[in-house]
Amino acid sequence: MQQPVIIGTAAGRYIRVTAPATYEIDAIAQANQIGIKTMWVRSHRATILTDTVSPATLARFEAALQQQIGAKIEIVLPVYQE
């Protein structure tokens, strides 16, 4: 199977989070210096489109989500722009 060709640079992240209290995710993101462009919430799942996030910042965000509200990050994908 051929790998896809990616043209452009990473411009953000697509993150899906499962949490018992999704309303607190925005505050936790801000405290961890993650800029949220858009967030959709459905039941106990939040889908977030962020600005560019380093792996270290993402790790801190994930640890804070787990510790503060028992949330789990399910998926993290880069978002590219031309």
# chains A, B, ... in the order shown; residues from 1 in each chain; ligands from 1
>>> select_by_dssp(residues="chain A", states="alpha helix (DSSP H)", output="list in words")
Ile25, Asp26, Ala27, Ile28, Ala29, Gln30, Ala31, Pro55, Ala56, Thr57, Leu58, Ala59, Arg60, Phe61, Glu62, Ala63, Ala64, Leu65, Gln66, Gln67, Gln68 and Ile69 of chain A
>>> select_by_dssp(residues="chain A", states="strand (DSSP E)", output="PyMOL selection string")
chain A and resi 9-18+36-42+45-50+72-81
>>> residues_around(residues="Ala27 in chain A", least_positions_apart="4", cutoff="12 Å", atoms="only C-alpha atoms", output="MDAnalysis selection string")
chainID A and resid 21:23 31:36 61 64:65 68:69
>>> closest_residue(among="A:Gln81, A:Ile75, A:Ala56, A:Val17", to="His44 in chain A", atoms="only C-alpha atoms")
A:Val17
>>> residues_around(residues="Leu77 in chain A", least_positions_apart="6", cutoff="10 Å", atoms="only C-alpha atoms", output="list in words")
Ala10, Gly12, Arg13, Tyr14, Ile15, Arg16 and Leu49 of chain A
>>> closest_residue(among="A:Arg45, A:Pro20, A:Thr38, A:Lys72", to="Ala59 in chain A", atoms="only C-alpha atoms")
A:Lys72
>>> closest_residue(among="A:Ala63, A:Ala71, A:Ala11, A:Val53", to="Glu24 in chain A", atoms="only C-alpha atoms")
A:Ala71
